[in-house]
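Enquirer: Here you go, query_14.tsv (TSV, C-alpha atoms):
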```tsv
chain	number	residue	atom	x	y	z
A	159	MET	CA	29.30	50.79	80.88
A	160	SER	CA	29.15	54.47	79.98
A	161	GLN	CA	28.43	53.44	76.38
A	162	LEU	CA	25.49	51.32	77.51
A	163	GLN	CA	24.13	54.15	79.65
A	164	SER	CA	24.24	56.60	76.74
A	165	ALA	CA	22.70	54.20	74.20
A	166	GLY	CA	19.35	55.29	72.84
A	167	PRO	CA	16.44	53.13	71.75
A	168	ARG	CA	17.31	50.54	69.15
A	169	ALA	CA	15.03	48.78	66.67
A	170	ARG	CA	15.15	45.01	66.78
A	171	ALA	CA	17.49	43.71	64.11
A	172	ASP	CA	15.41	40.63	63.30
A	173	LEU	CA	12.35	42.48	62.02
A	174	GLU	CA	11.43	42.44	58.34
A	175	VAL	CA	10.86	46.05	57.36
A	176	ASN	CA	9.00	46.91	54.14
A	177	GLU	CA	8.53	50.42	52.83
A	178	VAL	CA	5.15	51.54	51.47
A	179	PRO	CA	4.21	55.01	50.23
A	180	ASP	CA	2.67	56.06	53.52
A	181	GLY	CA	4.98	54.43	56.02
A	182	LEU	CA	6.39	51.05	56.95
A	183	VAL	CA	4.97	47.55	57.12
A	184	ILE	CA	6.97	45.55	59.65
A	185	TYR	CA	6.72	41.82	60.10
A	186	ASP	CA	7.78	40.37	63.45
A	187	GLU	CA	8.38	36.73	62.65
A	188	ALA	CA	9.09	35.75	66.25
A	189	ARG	CA	5.61	36.91	67.31
A	190	ASP	CA	3.95	36.42	63.91
A	191	GLN	CA	2.67	40.00	63.98
A	192	VAL	CA	2.38	42.64	61.27
A	193	HIS	CA	2.72	46.30	62.26
A	194	TYR	CA	1.73	49.33	60.17
A	195	LEU	CA	3.62	52.54	60.95
A	196	ASN	CA	2.56	55.92	59.61
A	197	HIS	CA	5.12	58.50	58.45
A	198	THR	CA	5.80	59.88	61.90
A	199	ALA	CA	6.15	56.50	63.58
A	200	SER	CA	8.30	55.33	60.67
A	201	LEU	CA	10.69	58.25	61.09
A	202	ILE	CA	10.96	57.65	64.83
A	203	PHE	CA	11.46	53.91	64.25
A	204	CYS	CA	14.23	54.59	61.71
A	205	LEU	CA	15.95	56.91	64.17
A	206	CYS	CA	16.08	54.09	66.71
A	207	THR	CA	19.60	53.08	65.76
A	208	GLY	CA	20.92	52.99	69.31
A	209	ASP	CA	23.00	56.11	68.64
A	210	ASN	CA	20.18	58.61	69.19
A	211	ASP	CA	18.75	59.27	72.64
A	212	GLU	CA	15.13	60.32	73.08
A	213	PRO	CA	15.74	64.10	73.05
A	214	THR	CA	17.79	63.74	69.85
A	215	ILE	CA	15.05	61.69	68.20
A	216	ALA	CA	12.43	64.28	69.20
A	217	GLU	CA	14.63	67.04	67.80
A	218	GLN	CA	15.09	65.17	64.51
A	219	VAL	CA	11.35	64.59	64.21
A	220	GLY	CA	10.73	68.29	64.76
A	221	LYS	CA	13.20	69.12	62.01
A	222	GLY	CA	11.89	66.40	59.72
A	223	PHE	CA	8.36	67.78	59.82
A	224	ALA	CA	9.45	71.44	60.05
A	225	LEU	CA	7.69	71.91	63.39
A	226	ASP	CA	8.07	75.12	65.38
A	227	ARG	CA	8.65	73.16	68.59
A	228	VAL	CA	10.32	69.91	69.58
A	229	PRO	CA	7.61	67.21	69.86
A	230	THR	CA	9.00	65.76	73.06
A	231	SER	CA	5.88	64.23	74.57
A	232	GLU	CA	4.59	62.89	71.21
A	233	THR	CA	7.94	61.25	70.51
A	234	ALA	CA	8.05	59.75	73.99
A	235	GLN	CA	4.53	58.36	73.48
A	236	CYS	CA	5.46	56.86	70.12
A	237	LEU	CA	8.62	55.28	71.55
A	238	ALA	CA	6.55	53.84	74.37
A	239	ASP	CA	4.15	52.38	71.78
A	240	LEU	CA	7.03	50.89	69.77
A	241	ARG	CA	8.43	49.36	72.98
A	242	ARG	CA	5.03	48.01	74.00
A	243	GLU	CA	4.64	46.39	70.57
A	244	GLY	CA	8.04	44.77	70.99
A	245	LEU	CA	9.69	46.53	68.05
A	246	LEU	CA	12.61	47.87	70.09
A	247	ASP	CA	15.33	45.97	71.92
B	44	MET	CA	-3.52	19.65	31.39
B	45	HIS	CA	-4.75	16.46	29.76
B	46	VAL	CA	-7.99	15.02	31.06
B	47	LYS	CA	-9.31	11.73	29.69
B	48	VAL	CA	-12.94	11.00	30.45
B	49	ASP	CA	-14.74	7.95	29.10
B	50	ASP	CA	-18.30	8.96	30.04
B	51	ARG	CA	-20.10	11.50	27.88
B	52	ALA	CA	-22.05	13.16	30.73
B	53	ALA	CA	-18.91	13.44	32.83
B	54	PHE	CA	-17.00	14.76	29.81
B	55	ASP	CA	-19.51	17.60	29.39
B	56	VAL	CA	-19.24	18.57	33.05
B	57	ILE	CA	-15.46	18.25	33.37
B	58	GLY	CA	-15.10	20.09	30.06
B	59	LEU	CA	-16.28	23.19	31.96
B	60	MET	CA	-12.73	23.40	33.31
B	61	ALA	CA	-11.52	24.15	29.81
B	62	GLN	CA	-11.17	27.85	29.02
B	63	ARG	CA	-9.67	29.76	26.14
B	64	ALA	CA	-7.68	32.42	27.93
B	65	SER	CA	-4.40	33.21	26.23
B	66	HIS	CA	-1.47	32.86	28.64
B	67	GLU	CA	1.69	34.87	28.43
B	68	ILE	CA	3.89	32.22	30.00
B	69	ALA	CA	4.49	28.71	28.69
B	70	PRO	CA	3.30	25.71	30.73
B	71	LEU	CA	5.72	24.61	33.46
B	72	ALA	CA	4.36	21.11	33.88
B	73	GLU	CA	1.80	18.68	32.53
B	74	VAL	CA	-0.95	17.02	34.52
B	75	ARG	CA	-2.57	13.85	33.16
B	76	ILE	CA	-5.91	13.09	34.77
B	77	THR	CA	-8.12	10.11	33.89
B	78	VAL	CA	-11.75	9.78	34.94
B	79	LEU	CA	-13.18	6.27	34.59
B	80	GLY	CA	-16.72	5.07	35.20
B	81	SER	CA	-20.24	6.35	34.69
B	82	ALA	CA	-23.05	8.00	36.62
B	83	ARG	CA	-24.51	4.50	37.22
B	84	ILE	CA	-21.45	2.96	38.90
B	85	GLY	CA	-19.62	6.10	39.99
B	86	PHE	CA	-16.27	7.53	38.92
B	87	ASP	CA	-12.64	6.84	39.77
B	88	VAL	CA	-10.28	9.76	39.30
B	89	PHE	CA	-6.56	9.16	38.65
B	90	ASP	CA	-3.58	11.48	38.36
B	91	GLY	CA	-1.22	9.32	36.32
B	92	ALA	CA	-1.23	6.04	38.22
B	93	ASP	CA	-2.34	7.63	41.51
B	94	HIS	CA	-5.95	6.97	42.48
B	95	LEU	CA	-7.21	10.30	43.77
B	96	ALA	CA	-10.83	9.53	44.63
B	97	ALA	CA	-13.94	7.46	44.04
B	98	VAL	CA	-16.92	9.78	43.59
B	99	GLY	CA	-20.57	9.42	42.67
B	100	THR	CA	-21.36	12.25	40.27
B	101	PRO	CA	-19.69	14.11	37.38
B	102	GLU	CA	-19.80	17.29	39.48
B	103	GLU	CA	-17.84	15.60	42.27
B	104	ALA	CA	-15.37	14.33	39.68
B	105	LEU	CA	-14.99	17.88	38.38
B	106	ASP	CA	-14.37	19.14	41.92
B	107	CYS	CA	-11.67	16.51	42.34
B	108	VAL	CA	-9.98	17.29	39.01
B	109	PHE	CA	-10.25	21.03	39.64
B	110	ALA	CA	-8.72	20.78	43.12
B	111	ARG	CA	-5.86	18.57	41.89
B	112	VAL	CA	-4.95	20.71	38.89
B	113	TYR	CA	-5.20	24.02	40.71
B	114	ARG	CA	-3.26	22.76	43.72
B	115	ARG	CA	-0.44	21.62	41.42
B	116	ALA	CA	-0.48	24.92	39.56
B	117	VAL	CA	-0.46	27.00	42.72
B	118	GLU	CA	2.32	24.90	44.27
B	119	LEU	CA	4.45	25.36	41.17
B	120	ALA	CA	3.77	29.09	41.20
B	121	SER	CA	4.66	29.21	44.90
B	122	LEU	CA	7.97	27.45	44.24
B	123	LYS	CA	8.74	30.24	41.79
B	124	GLY	CA	7.97	32.92	44.35
B	125	TRP	CA	4.40	33.79	43.38
B	126	LEU	CA	1.83	34.39	46.11
B	127	ARG	CA	-1.84	33.64	45.39
B	128	VAL	CA	-4.38	36.24	46.46
B	129	HIS	CA	-8.18	36.25	46.42
B	130	GLY	CA	-9.17	38.95	43.96
B	131	ALA	CA	-10.09	40.09	40.47
B	132	VAL	CA	-8.05	41.71	37.71
B	133	ALA	CA	-9.20	43.76	34.74
B	134	GLY	CA	-7.68	46.16	32.25
B	135	ALA	CA	-8.86	48.99	30.06
B	136	ASP	CA	-6.94	51.17	27.62
B	137	GLY	CA	-3.64	49.71	28.79
B	138	HIS	CA	-4.34	50.28	32.51
B	139	ARG	CA	-4.69	47.28	34.80
B	140	VAL	CA	-6.60	47.17	38.05
B	141	ALA	CA	-6.48	44.53	40.80
B	142	VAL	CA	-9.41	44.25	43.20
B	143	VAL	CA	-8.90	42.47	46.50
B	144	GLY	CA	-11.74	41.29	48.66
B	145	PRO	CA	-13.20	38.30	50.46
B	146	ALA	CA	-15.70	35.83	49.06
B	147	GLY	CA	-19.06	37.54	48.75
B	148	ALA	CA	-17.62	41.04	48.41
B	149	GLY	CA	-18.86	41.25	44.84
B	150	LYS	CA	-15.73	40.56	42.79
B	151	THR	CA	-17.58	38.58	40.12
B	152	THR	CA	-20.39	41.12	39.91
B	153	LEU	CA	-17.77	43.83	39.47
B	154	ALA	CA	-15.91	41.74	36.87
B	155	VAL	CA	-19.06	41.05	34.83
B	156	GLY	CA	-20.02	44.72	35.09
B	157	LEU	CA	-16.55	45.69	33.86
B	158	LEU	CA	-16.93	43.32	30.90
B	159	CYS	CA	-20.15	45.12	30.01
B	160	GLU	CA	-18.32	48.46	30.30
B	161	GLY	CA	-15.75	47.28	27.75
B	162	ALA	CA	-12.92	46.31	30.10
B	163	ALA	CA	-10.73	43.28	29.47
B	164	VAL	CA	-11.54	41.13	32.48
B	165	GLU	CA	-8.81	38.65	33.36
B	166	VAL	CA	-10.05	36.87	36.50
B	167	ASP	CA	-12.77	37.17	39.13
B	168	GLU	CA	-11.43	34.86	41.82
B	169	SER	CA	-7.66	34.88	42.30
B	170	PHE	CA	-4.35	36.08	40.98
B	171	VAL	CA	-0.70	35.62	41.87
B	172	ILE	CA	1.73	38.40	42.73
B	173	ARG	CA	5.50	38.65	42.74
B	174	ASP	CA	7.62	41.77	43.07
B	175	GLY	CA	4.77	44.03	42.01
B	176	GLU	CA	3.77	41.91	39.01
B	177	VAL	CA	0.31	40.39	38.79
B	178	MET	CA	-0.95	37.40	36.80
B	179	GLY	CA	-4.47	36.00	36.85
B	180	VAL	CA	-5.16	32.38	37.80
B	181	ALA	CA	-7.22	31.04	34.90
B	182	ARG	CA	-10.76	30.08	35.79
B	183	ARG	CA	-14.15	30.75	34.21
B	184	LEU	CA	-16.00	33.59	35.91
B	185	HIS	CA	-18.48	32.16	38.44
B	186	ALA	CA	-21.58	34.35	38.17
B	187	GLN	CA	-24.30	34.00	40.81
B	188	PRO	CA	-27.94	34.90	40.07
B	189	GLY	CA	-27.43	38.10	42.10
B	190	THR	CA	-24.88	39.22	39.53
B	191	PHE	CA	-27.52	39.31	36.79
B	192	GLU	CA	-29.94	41.21	39.04
B	193	LEU	CA	-27.32	43.89	39.68
B	194	VAL	CA	-25.75	43.97	36.21
B	195	THR	CA	-28.83	44.00	34.01
B	196	SER	CA	-26.76	44.52	30.86
B	197	ALA	CA	-25.16	41.09	31.45
B	198	SER	CA	-28.21	39.06	30.43
B	199	TRP	CA	-26.02	37.42	27.73
B	200	ALA	CA	-24.10	35.63	30.50
B	201	ALA	CA	-27.25	33.94	31.77
B	202	ASP	CA	-26.82	31.52	28.83
B	203	ALA	CA	-23.45	30.35	30.12
B	204	PRO	CA	-23.33	26.73	31.30
B	205	ALA	CA	-24.43	26.01	34.86
B	206	PHE	CA	-22.40	23.96	37.29
B	207	GLY	CA	-24.60	20.91	37.96
B	208	ARG	CA	-27.79	21.91	39.74
B	209	SER	CA	-26.11	25.00	41.13
B	210	PRO	CA	-27.43	28.35	39.86
B	211	VAL	CA	-23.84	29.50	39.28
B	212	ARG	CA	-23.03	30.25	35.62
B	213	LEU	CA	-19.51	29.48	34.43
B	214	VAL	CA	-18.65	32.29	32.06
B	215	ASP	CA	-15.83	32.03	29.53
B	216	PRO	CA	-15.59	35.58	28.12
B	217	THR	CA	-14.46	34.28	24.72
B	218	GLU	CA	-17.73	32.37	24.30
B	219	HIS	CA	-19.55	35.72	24.45
B	220	GLY	CA	-17.33	37.66	22.08
B	221	PHE	CA	-14.94	39.16	24.63
B	222	PRO	CA	-11.15	38.84	24.57
B	223	TRP	CA	-9.52	36.92	27.43
B	224	ALA	CA	-5.82	37.26	28.03
B	225	LEU	CA	-3.79	36.67	31.18
B	226	PRO	CA	-0.72	38.88	31.00
B	227	ARG	CA	2.08	38.96	33.52
B	228	ALA	CA	2.64	42.63	34.22
B	229	PRO	CA	2.47	45.33	36.88
B	230	ILE	CA	-0.84	46.94	37.73
B	231	GLU	CA	-1.66	50.59	37.99
B	232	HIS	CA	-4.36	50.51	40.65
B	233	VAL	CA	-5.15	48.17	43.50
B	234	MET	CA	-8.39	48.45	45.40
B	235	VAL	CA	-9.96	46.90	48.45
B	236	LEU	CA	-13.55	45.93	47.65
B	237	ARG	CA	-16.32	46.22	50.21
B	238	ARG	CA	-20.08	45.94	49.94
B	239	THR	CA	-22.19	48.87	51.03
B	240	GLU	CA	-25.93	49.42	51.27
B	241	GLY	CA	-25.34	53.07	50.35
B	242	PRO	CA	-24.22	54.55	47.04
B	243	SER	CA	-21.16	53.09	45.36
B	244	ARG	CA	-18.05	55.15	45.95
B	245	MET	CA	-14.31	55.02	45.48
B	246	GLU	CA	-11.75	56.85	47.56
B	247	PRO	CA	-7.98	56.87	47.98
B	248	ALA	CA	-6.81	54.40	50.60
B	249	PRO	CA	-3.65	54.14	52.67
B	250	ALA	CA	-1.23	51.51	51.46
B	251	ALA	CA	-1.53	49.90	54.88
B	252	LEU	CA	-5.20	49.08	54.19
B	253	VAL	CA	-4.27	47.36	50.93
B	254	VAL	CA	-1.38	45.48	52.54
B	255	GLN	CA	-3.66	44.32	55.34
B	256	GLU	CA	-6.32	43.08	52.91
B	257	VAL	CA	-3.82	41.40	50.57
B	258	ILE	CA	-2.35	39.52	53.55
B	259	ARG	CA	-5.85	38.56	54.69
B	260	GLN	CA	-6.79	37.32	51.20
B	261	ALA	CA	-3.49	35.53	50.51
B	262	PHE	CA	-3.27	31.77	50.24
B	263	PRO	CA	0.32	30.97	51.16
B	264	VAL	CA	1.24	27.45	50.02
B	265	LEU	CA	4.88	26.89	50.82
B	266	GLU	CA	6.07	30.40	51.48
B	267	PRO	CA	6.52	31.76	55.02
B	268	ARG	CA	4.27	34.60	56.16
B	269	ARG	CA	7.06	37.16	55.88
B	270	VAL	CA	7.06	36.55	52.13
B	271	ALA	CA	3.32	37.26	52.01
B	272	VAL	CA	3.89	40.50	53.91
B	273	ARG	CA	6.75	41.50	51.59
B	274	GLN	CA	4.79	40.74	48.42
B	275	ALA	CA	1.75	42.60	49.76
B	276	ALA	CA	3.93	45.63	50.53
B	277	ASN	CA	5.50	45.44	47.05
B	278	LEU	CA	2.06	45.38	45.44
B	279	ALA	CA	0.79	48.33	47.48
B	280	SER	CA	3.97	50.29	46.70
B	281	SER	CA	3.78	49.71	42.98
B	282	ALA	CA	0.20	50.91	42.44
B	283	HIS	CA	-2.27	53.60	43.45
B	284	CYS	CA	-4.32	52.37	46.40
B	285	HIS	CA	-8.08	52.81	46.69
B	286	SER	CA	-11.04	51.49	48.57
B	287	LEU	CA	-14.08	50.69	46.46
B	288	HIS	CA	-17.48	50.43	48.12
B	289	ALA	CA	-19.89	48.64	45.80
B	290	GLY	CA	-23.53	49.46	46.44
B	291	PRO	CA	-26.84	48.21	45.07
B	292	ASP	CA	-26.86	51.04	42.49
B	293	GLY	CA	-24.47	48.92	40.39
B	294	ARG	CA	-22.21	51.89	39.67
B	295	ALA	CA	-18.97	50.34	40.94
B	296	PRO	CA	-17.80	49.19	37.46
B	297	ARG	CA	-18.38	52.71	36.12
B	298	LEU	CA	-16.28	54.16	38.95
B	299	VAL	CA	-13.42	51.82	38.03
B	300	MET	CA	-13.69	52.78	34.35
B	301	ASP	CA	-13.74	56.50	35.25
B	302	LEU	CA	-10.56	55.96	37.25
B	303	VAL	CA	-8.66	54.33	34.41
B	304	ASP	CA	-10.07	56.76	31.84
B	305	ALA	CA	-8.80	59.64	33.95
B	306	ARG	CA	-5.19	58.48	33.73
B	307	PRO	CA	-3.47	59.02	30.40
B	308	VAL	CA	-1.18	56.27	29.14
B	309	SER	CA	2.39	57.31	29.96
```
Please render this file's structure as structure tokens.

Expert:
Amino acid sequence: MSQLQSAGPRARADLEVNEVPDGLVIYDEARDQVHYLNHTASLIFCLCTGDNDEPTIAEQVGKGFALDRVPTSETAQCLADLRREGLLD
Amino acid sequence: MHVKVDDRAAFDVIGLMAQRASHEIAPLAEVRITVLGSARIGFDVFDGADHLAAVGTPEEALDCVFARVYRRAVELASLKGWLRVHGAVAGADGHRVAVVGPAGAGKTTLAVGLLCEGAAVEVDESFVIRDGEVMGVARRLHAQPGTFELVTSASWAADAPAFGRSPVRLVDPTEHGFPWALPRAPIEHVMVLRRTEGPSRMEPAPAALVVQEVIRQAFPVLEPRRVAVRQAANLASSAHCHSLHAGPDGRAPRLVMDLVDARPVS
């Protein structure tokens, strides 16, 4: 139970993920939808392994783009978008 | 492809399917089509022993033969993992460019303009892609009257045979002194073609735009959509992505040539 409570967002395992120079192209076969993720969304999506909670993901994004602050609200918004699009479990 | 036609008028029309492009890969299969009849009594079209259609004119017989042969070819290609996409391919100085766009975007006009600029045009209608490699689907260029208005240096192509009463000219580059080869190789640039009423321009494009357009212009035969998405992503990842806006100034072919001229052969 405690493991479940601490689990962070997790990308759906059944998505087909393709890398392109400026991000990811993800095909959701179950919904027959194609999603285009820019670099930032791609990084956040890739950090959705289930092992990282939202603050950790925001911290990693800040480090990844060498930001001088943790992009907490932007990360939360992106995660909400990924959830709304059905890309996370 | 073997086509047997016993009527002279029909032979001349169906002969327009013949083209002299040199292909890099050997044939995978043979198709044997027979067209029997005449313009007076109509035509029966057979693939081997299968009766495909009874039609009234040589042009309808050509449509039937064309559809049968191309469907077979595209199905075979699909079985081997190739995805067909609506677009044009040309090369210059060892650099190859693929142009993706819908019908009416100006692919043929661009292709004829590129021929006039000295490029080796491969196709103006469709190509197949697999793991970043591109190969043209052989077909004569189909030039509309608007092409000759926009590409004034292409008056030579106005002598190409017409398709029935249609104003479309079926251009085999080799009949006008141009080389015509269909290699199977990667490309260096891929561009999304759009018409504009303003000046022609080319700009870098996100790979996502190219992927989106390749998916939109793909003709999956047997392959699931995820394969189309994967192949589109492979293509966009293996080439520089651009968007090309072709305007009435007719400068789009020059912009493509400037792009390939600007990149030294590595």

Enquirer: Please check the contacts: residues of chain B at most 9 Å away from chain A, using all atoms listed in the file, listed as a PDB file with C-alpha atoms, in the frame of the given file.

Expert:
```pdb
ATOM      1  CA  PRO B 249      -3.650  54.140  52.670  1.00  0.00           C
ATOM      2  CA  ALA B 250      -1.230  51.510  51.460  1.00  0.00           C
ATOM      3  CA  ALA B 251      -1.530  49.900  54.880  1.00  0.00           C
ATOM      4  CA  VAL B 254      -1.380  45.480  52.540  1.00  0.00           C
ATOM      5  CA  GLN B 255      -3.660  44.320  55.340  1.00  0.00           C
ATOM      6  CA  ARG B 268       4.270  34.600  56.160  1.00  0.00           C
ATOM      7  CA  ARG B 269       7.060  37.160  55.880  1.00  0.00           C
ATOM      8  CA  VAL B 272       3.890  40.500  53.910  1.00  0.00           C
ATOM      9  CA  ARG B 273       6.750  41.500  51.590  1.00  0.00           C
ATOM     10  CA  ALA B 276       3.930  45.630  50.530  1.00  0.00           C
ATOM     11  CA  ASN B 277       5.500  45.440  47.050  1.00  0.00           C
ATOM     12  CA  ALA B 279       0.790  48.330  47.480  1.00  0.00           C
ATOM     13  CA  SER B 280       3.970  50.290  46.700  1.00  0.00           C
ATOM     14  CA  SER B 281       3.780  49.710  42.980  1.00  0.00           C
TER      15      SER B 281
END
```

Enquirer: Would you mind telling me which residue in B:Gly175, B:Pro188, B:Gly161, B:Gly207 lies nearest to Leu59 of chain B when using all atoms listed in the file?

Expert: B:Gly207

Enquirer: Which neighbours of Phe86 of chain B fall inside 12 Å, counting all atoms listed in the file, when residues of the same chain fewer than 3 positions from it are skipped, and could you give them as a short mmCIF file (atom, residue, chain, number, x, y, z; two decimals) with C-alpha atoms, keeping the file's coordinate frame?

Expert:
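Okay, part_32.cif is ready:
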```
data_model
loop_
_atom_site.label_atom_id
_atom_site.label_comp_id
_atom_site.auth_asym_id
_atom_site.auth_seq_id
_atom_site.Cartn_x
_atom_site.Cartn_y
_atom_site.Cartn_z
CA VAL B 48 -12.94 11.00 30.45
CA ASP B 49 -14.74 7.95 29.10
CA ASP B 50 -18.30 8.96 30.04
CA ALA B 52 -22.05 13.16 30.73
CA ALA B 53 -18.91 13.44 32.83
CA PHE B 54 -17.00 14.76 29.81
CA THR B 77 -8.12 10.11 33.89
CA VAL B 78 -11.75 9.78 34.94
CA LEU B 79 -13.18 6.27 34.59
CA GLY B 80 -16.72 5.07 35.20
CA SER B 81 -20.24 6.35 34.69
CA ALA B 82 -23.05 8.00 36.62
CA ARG B 83 -24.51 4.50 37.22
CA PHE B 89 -6.56 9.16 38.65
CA HIS B 94 -5.95 6.97 42.48
CA LEU B 95 -7.21 10.30 43.77
CA ALA B 96 -10.83 9.53 44.63
CA ALA B 97 -13.94 7.46 44.04
CA VAL B 98 -16.92 9.78 43.59
CA GLY B 99 -20.57 9.42 42.67
CA THR B 100 -21.36 12.25 40.27
CA PRO B 101 -19.69 14.11 37.38
CA GLU B 102 -19.80 17.29 39.48
CA GLU B 103 -17.84 15.60 42.27
CA ALA B 104 -15.37 14.33 39.68
CA LEU B 105 -14.99 17.88 38.38
CA CYS B 107 -11.67 16.51 42.34
CA VAL B 108 -9.98 17.29 39.01
#
```

Enquirer: Please, what distance in Å, to one decimal, runs between atom CA of Pro145 of chain B and atom CA of Ile258 of chain B?

Expert: 11.3 Å

Enquirer: Determine, counting all atoms listed in the file, which protein, DNA and RNA residues have an atom within 10 Å of an atom of segment 199-204 of chain B; residues of the same chain fewer than 5 positions away are not included. Present the result as an mmCIF file with C-alpha atoms, keeping the file's coordinate frame.

Expert:
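That gives us around.cif:
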```cif
data_model
loop_
_atom_site.group_PDB
_atom_site.id
_atom_site.type_symbol
_atom_site.label_atom_id
_atom_site.label_comp_id
_atom_site.auth_asym_id
_atom_site.auth_seq_id
_atom_site.Cartn_x
_atom_site.Cartn_y
_atom_site.Cartn_z
ATOM 1 C CA VAL B 56 -19.240 18.570 33.050
ATOM 2 C CA LEU B 59 -16.280 23.190 31.960
ATOM 3 C CA VAL B 155 -19.060 41.050 34.830
ATOM 4 C CA CYS B 159 -20.150 45.120 30.010
ATOM 5 C CA LEU B 184 -16.000 33.590 35.910
ATOM 6 C CA HIS B 185 -18.480 32.160 38.440
ATOM 7 C CA ALA B 186 -21.580 34.350 38.170
ATOM 8 C CA GLN B 187 -24.300 34.000 40.810
ATOM 9 C CA PRO B 188 -27.940 34.900 40.070
ATOM 10 C CA THR B 190 -24.880 39.220 39.530
ATOM 11 C CA PHE B 191 -27.520 39.310 36.790
ATOM 12 C CA PRO B 210 -27.430 28.350 39.860
ATOM 13 C CA VAL B 211 -23.840 29.500 39.280
ATOM 14 C CA ARG B 212 -23.030 30.250 35.620
ATOM 15 C CA LEU B 213 -19.510 29.480 34.430
ATOM 16 C CA VAL B 214 -18.650 32.290 32.060
ATOM 17 C CA ASP B 215 -15.830 32.030 29.530
ATOM 18 C CA PRO B 216 -15.590 35.580 28.120
ATOM 19 C CA GLU B 218 -17.730 32.370 24.300
ATOM 20 C CA HIS B 219 -19.550 35.720 24.450
#
```

Enquirer: Compare A:Arg170, A:Gly244, A:Thr198, A:Thr207 by their minimum atom-to-atom distance to Glu232 of chain A, counting only C-alpha atoms, and give me the closest one.

Expert: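 Closest residue, counting only C-alpha atoms: A:Thr198.
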
Enquirer: I need the residue nearest His285 of chain B from this list: B:Ala148, B:Ala141, B:Val88, B:Ala131. Use only C-alpha atoms for the distance.

Expert: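 Checking each candidate against His285 of chain B, we get B:Ala141 as the closest.
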
Enquirer: Which distance in Å separates atom CA of Ala110 of chain B and atom CA of Thr151 of chain B, to one decimal?

Expert: 20.1 Å

Enquirer: Write out as a VMD selection string the residues lying within 8 Å of Pro167 of chain A, counting all atoms listed in the file and excluding same-chain residues fewer than 3 positions away.

Expert: chain A and resid 206 to 212 246 to 247

Enquirer: Write a file of the just-selected residues containing C-alpha atoms, as a PDB file, keeping the file's coordinate frame.

Expert:
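Output file part27.pdb is given in full below:
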```pdb
ATOM      1  CA  CYS A 206      16.080  54.090  66.710  1.00  0.00           C
ATOM      2  CA  THR A 207      19.600  53.080  65.760  1.00  0.00           C
ATOM      3  CA  GLY A 208      20.920  52.990  69.310  1.00  0.00           C
ATOM      4  CA  ASP A 209      23.000  56.110  68.640  1.00  0.00           C
ATOM      5  CA  ASN A 210      20.180  58.610  69.190  1.00  0.00           C
ATOM      6  CA  ASP A 211      18.750  59.270  72.640  1.00  0.00           C
ATOM      7  CA  GLU A 212      15.130  60.320  73.080  1.00  0.00           C
ATOM      8  CA  LEU A 246      12.610  47.870  70.090  1.00  0.00           C
ATOM      9  CA  ASP A 247      15.330  45.970  71.920  1.00  0.00           C
TER      10      ASP A 247
END
```

Enquirer: Which residue out of B:Met60, B:Val233, B:Cys284, B:Ala69 has the minimum interatomic distance to Gly130 of chain B when only C-alpha atoms are used?

Expert: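 Of B:Met60, B:Val233, B:Cys284, B:Ala69, the one nearest Gly130 of chain B, counting only C-alpha atoms, is B:Val233.
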
Enquirer: Between B:Asp292, B:Asp136, B:Glu176, B:Glu192, which one has atoms that come closest to Ala163 of chain B, using all atoms listed in the file?

Expert: B:Asp136

Enquirer: Give the centre and edge lengths of an axis-aligned box, in Å to one decimal, that holds all listed atoms of segment 111-126 of chain B with 5 Å on each side, as JSON.

Expert:
```
{"center_x": 1.4, "center_y": 26.5, "center_z": 42.5, "size_x": 24.6, "size_y": 25.8, "size_z": 17.2}
```

Enquirer: Counting all atoms listed in the file, which residue out of B:Glu67, B:Val166, B:Ala248, B:Gln260 sits closest to Met234 of chain B?

Expert: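 Checking each of B:Glu67, B:Val166, B:Ala248, B:Gln260 against Met234 of chain B, counting all atoms listed in the file, the winner is B:Ala248.
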
Enquirer: Rounded to one decimal, what separation in Å do you get between atom CA of Arg297 of chain B and atom CA of Val235 of chain B?

Expert: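 Interatomic distance here is 16.0 Å.
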
Enquirer: Skip Thr233 of chain A itself and residues of its chain fewer than 4 positions away, then list as a PyMOL selection string all residues within 8 Å of it, counting only C-alpha atoms.

Expert: chain A and resi 202+212+215-216+219+229+237
